[in-house]
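Beneath this line is the structure, given in structure tokens, with notes to follow.
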Amino acid sequence: YSNLQAFVALKADESITAWGGSNVGGTTPAPNLANATGADQIAIIGSVITDITFSNSGGAIASCTVTPALPAGLSIDSATCTISGTPTEVRALSVYTVTAKDAKGNTGSASLSLTVNTPAPNIANVADQVAIIGSAITNITFSNSGGAIASCTVAPTLPAGLSIDSTTCTISGIPTEVRTLTLYTVTAKNAADDTDSTTFSLTVNTPAPNIANVADQVAIIGSAITNITFSNSGGAIASCTVAPTLPAGLSIDSTTCTISGIPTEVRTLTLYTVTAKNAADDTDSTTFSLTVNAPAPNLANAVATNQIAF
């Protein structure tokens, strides 16, 4: 409509814009909203959102509404159209229309999309781990102070025999292969694919040797001893030592721990410690006592067997 001094236009959104001199019956323009924060918004349950604001290049706003209803915890300021708050429910991507109305009922609208996700998991570090082949590990668990975990992964691949629970991130099992110290990354993901990661190191060693005690030993100078052997029910032996030093003439095999030889010196009863070590320097020890005596006298008759005295 126009009367040459004042003009009125009906906009496509059914709002009315008017311009012209007020002395010829012109009207104030309707609100003209624009999304000042950005069209697509993502919020997290339990976290305060950055206020969603709308600029207005039109007439004064008398009231604001939004459709559909905002997620629980969010609200719209009825005078400025600003949306704020802390969401408390998940909401899939939704398009909202904010409508501003002036005192005469003229309106202007703008839209935005909003998604409310659960928070990402927040998993804590754990101490470095050492495991032994053939022995069940103490479960490796990760506390989570964030959102619910939907899935868990670990990289690189765990040693054979160990596995990760895909919903709790707990690592468990009985390792069956040696693994040098390796850094692993555990990644927890929520239903919206938001992730958090932590790392830990893991070493898998062979078991320590487990050598058995032997009976106390007595040897004779100049006579080969019966080999002193130590049964091993643990892991492979890489090296063996004995302390204190064995009597002269005796030695220890550095890979089997067997003690053998011909003693050449007297030794009073002495307690010896044999220590077996594996390739990872894990050890086991046992003790035994050893005495080395001089041989007993061996008398020979130095005169004729049949003697006659007068």
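Letters for chains follow the order of the structure tokens (A, B, ...), residue numbers begin at 1 for each chain, and ligand numbers begin at 1 in the order shown.
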Please provide as number ranges by chain all residues within 10 Å of Thr168 in chain A, with the sequence filter that same-chain residues fewer than 5 positions apart are discarded (counting only C-alpha atoms). A: 141-144, 148-152, 188
Smallest atom-to-atom distance to Thr167 in chain A: which of A:Asn190, A:Thr50, A:Thr86, A:Ser57, using only C-alpha atoms?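 Nearest candidate to Thr167 in chain A out of A:Asn190, A:Thr50, A:Thr86, A:Ser57: A:Asn190.
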Could you give me, as a PyMOL selection string, each residue of range 116-208 of chain A that DSSP assigns to strand (DSSP E) when run on this structure's backbone? chain A and resi 116-117+129-132+151-155+162-164+171-173+179-189+195-205
So how many Å separate CA of Thr226 in chain A and CA of Asn210 in chain A, to one decimal? 22.1 Å
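Straight-line separation from CA of Thr53 in chain A to CA of Thr118 in chain A: 23.3 Å.
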Would you list the contacts of Tyr184 in chain A as a list in words, taking every protein, DNA or RNA residue within 6 Å and counting only C-alpha atoms, but skipping same-chain residues closer than 3 positions in sequence?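 My list of contacting residues is Ala155, Thr199, Phe200 and Ser201 of chain A.
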Same residues, all heavy atoms, output as a PDB file, in the first residue's frame:
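Output file again.pdb is given in full below:
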```pdb
ATOM      1  N   ALA A 155      45.165 -49.353  20.949  1.00  0.00           N
ATOM      2  CA  ALA A 155      46.158 -49.471  19.883  1.00  0.00           C
ATOM      3  C   ALA A 155      47.532 -49.226  20.478  1.00  0.00           C
ATOM      4  O   ALA A 155      47.678 -48.379  21.366  1.00  0.00           O
ATOM      5  CB  ALA A 155      45.868 -48.462  18.767  1.00  0.00           C
ATOM      6  N   THR A 199      46.817 -43.154  27.947  1.00  0.00           N
ATOM      7  CA  THR A 199      47.873 -44.098  27.584  1.00  0.00           C
ATOM      8  C   THR A 199      48.408 -44.817  28.815  1.00  0.00           C
ATOM      9  O   THR A 199      48.291 -44.327  29.941  1.00  0.00           O
ATOM     10  CB  THR A 199      49.044 -43.388  26.880  1.00  0.00           C
ATOM     11  OG1 THR A 199      49.586 -42.392  27.747  1.00  0.00           O
ATOM     12  CG2 THR A 199      48.580 -42.732  25.579  1.00  0.00           C
ATOM     13  N   PHE A 200      48.982 -45.990  28.583  1.00  0.00           N
ATOM     14  CA  PHE A 200      49.693 -46.711  29.632  1.00  0.00           C
ATOM     15  C   PHE A 200      50.738 -47.590  28.954  1.00  0.00           C
ATOM     16  O   PHE A 200      50.629 -47.901  27.765  1.00  0.00           O
ATOM     17  CB  PHE A 200      48.733 -47.564  30.477  1.00  0.00           C
ATOM     18  CG  PHE A 200      48.210 -48.790  29.771  1.00  0.00           C
ATOM     19  CD1 PHE A 200      48.768 -50.041  30.004  1.00  0.00           C
ATOM     20  CD2 PHE A 200      47.160 -48.683  28.874  1.00  0.00           C
ATOM     21  CE1 PHE A 200      48.287 -51.163  29.346  1.00  0.00           C
ATOM     22  CE2 PHE A 200      46.671 -49.802  28.214  1.00  0.00           C
ATOM     23  CZ  PHE A 200      47.235 -51.046  28.456  1.00  0.00           C
ATOM     24  N   SER A 201      51.744 -47.976  29.715  1.00  0.00           N
ATOM     25  CA  SER A 201      52.760 -48.868  29.172  1.00  0.00           C
ATOM     26  C   SER A 201      52.581 -50.262  29.760  1.00  0.00           C
ATOM     27  O   SER A 201      52.120 -50.428  30.898  1.00  0.00           O
ATOM     28  CB  SER A 201      54.169 -48.350  29.460  1.00  0.00           C
ATOM     29  OG  SER A 201      54.475 -48.468  30.832  1.00  0.00           O
TER      30      SER A 201
END
```
Write out as a list of chain:residue names the residues lying within 10 Å of Val214 in chain A, counting only C-alpha atoms and excluding same-chain residues fewer than 5 positions away.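 Near Val214 in chain A, the qualifying residues are A:Ile228, A:Thr229, A:Phe230, A:Ser231, A:Thr286, A:Thr287, A:Phe288, A:Ser289.
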With distances taken over only C-alpha atoms, which of A:Pro119, A:Thr198, A:Gln41, A:Thr203 is nearest to Pro159 in chain A?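 The answer is A:Thr203, which sits nearest to Pro159 in chain A.
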Residues near Ala208 in chain A, anyone? I mean within 12 Å using only C-alpha atoms, not counting same-chain ones fewer than 2 positions away, as a list in words. Ala131, Ile132, Ile133, Gly134, Ser135, Val204, Asn205, Thr206, Asn210, Ile211, Asn232, Ser233, Gly234, Gly235, Ala236, Ile237, Ala238, Ser239, Thr275, Ala276, Lys277, Asn278, Ala279, Ala280, Asp281, Asp282, Thr283, Asp284 and Ser285 of chain A
C-alpha atoms of the current selection, written as a PDB file, in the first residue's frame:
```
ATOM      1  CA  ALA A 131      52.796 -58.905  33.322  1.00  0.00           C
ATOM      2  CA  ILE A 132      54.176 -62.454  33.295  1.00  0.00           C
ATOM      3  CA  ILE A 133      53.545 -65.041  30.604  1.00  0.00           C
ATOM      4  CA  GLY A 134      51.090 -67.671  31.840  1.00  0.00           C
ATOM      5  CA  SER A 135      49.817 -65.631  34.792  1.00  0.00           C
ATOM      6  CA  VAL A 204      55.187 -58.909  29.344  1.00  0.00           C
ATOM      7  CA  ASN A 205      58.107 -60.932  30.702  1.00  0.00           C
ATOM      8  CA  THR A 206      58.848 -64.609  30.940  1.00  0.00           C
ATOM      9  CA  ASN A 210      61.876 -71.098  40.523  1.00  0.00           C
ATOM     10  CA  ILE A 211      64.727 -73.249  41.733  1.00  0.00           C
ATOM     11  CA  ASN A 232      63.525 -75.328  38.098  1.00  0.00           C
ATOM     12  CA  SER A 233      59.732 -75.093  37.946  1.00  0.00           C
ATOM     13  CA  GLY A 234      59.702 -71.497  36.703  1.00  0.00           C
ATOM     14  CA  GLY A 235      60.842 -69.621  33.625  1.00  0.00           C
ATOM     15  CA  ALA A 236      63.948 -70.279  31.581  1.00  0.00           C
ATOM     16  CA  ILE A 237      67.251 -69.555  33.273  1.00  0.00           C
ATOM     17  CA  ALA A 238      69.510 -67.072  31.494  1.00  0.00           C
ATOM     18  CA  SER A 239      72.313 -66.977  34.071  1.00  0.00           C
ATOM     19  CA  THR A 275      70.690 -67.149  42.233  1.00  0.00           C
ATOM     20  CA  ALA A 276      69.058 -67.885  38.879  1.00  0.00           C
ATOM     21  CA  LYS A 277      68.075 -65.004  36.584  1.00  0.00           C
ATOM     22  CA  ASN A 278      65.888 -64.916  33.465  1.00  0.00           C
ATOM     23  CA  ALA A 279      66.318 -62.731  30.377  1.00  0.00           C
ATOM     24  CA  ALA A 280      64.352 -59.903  32.013  1.00  0.00           C
ATOM     25  CA  ASP A 281      66.578 -59.953  35.114  1.00  0.00           C
ATOM     26  CA  ASP A 282      63.860 -61.486  37.294  1.00  0.00           C
ATOM     27  CA  THR A 283      65.524 -63.736  39.855  1.00  0.00           C
ATOM     28  CA  ASP A 284      64.986 -66.604  42.238  1.00  0.00           C
ATOM     29  CA  SER A 285      67.400 -67.918  44.846  1.00  0.00           C
TER      30      SER A 285
END
```
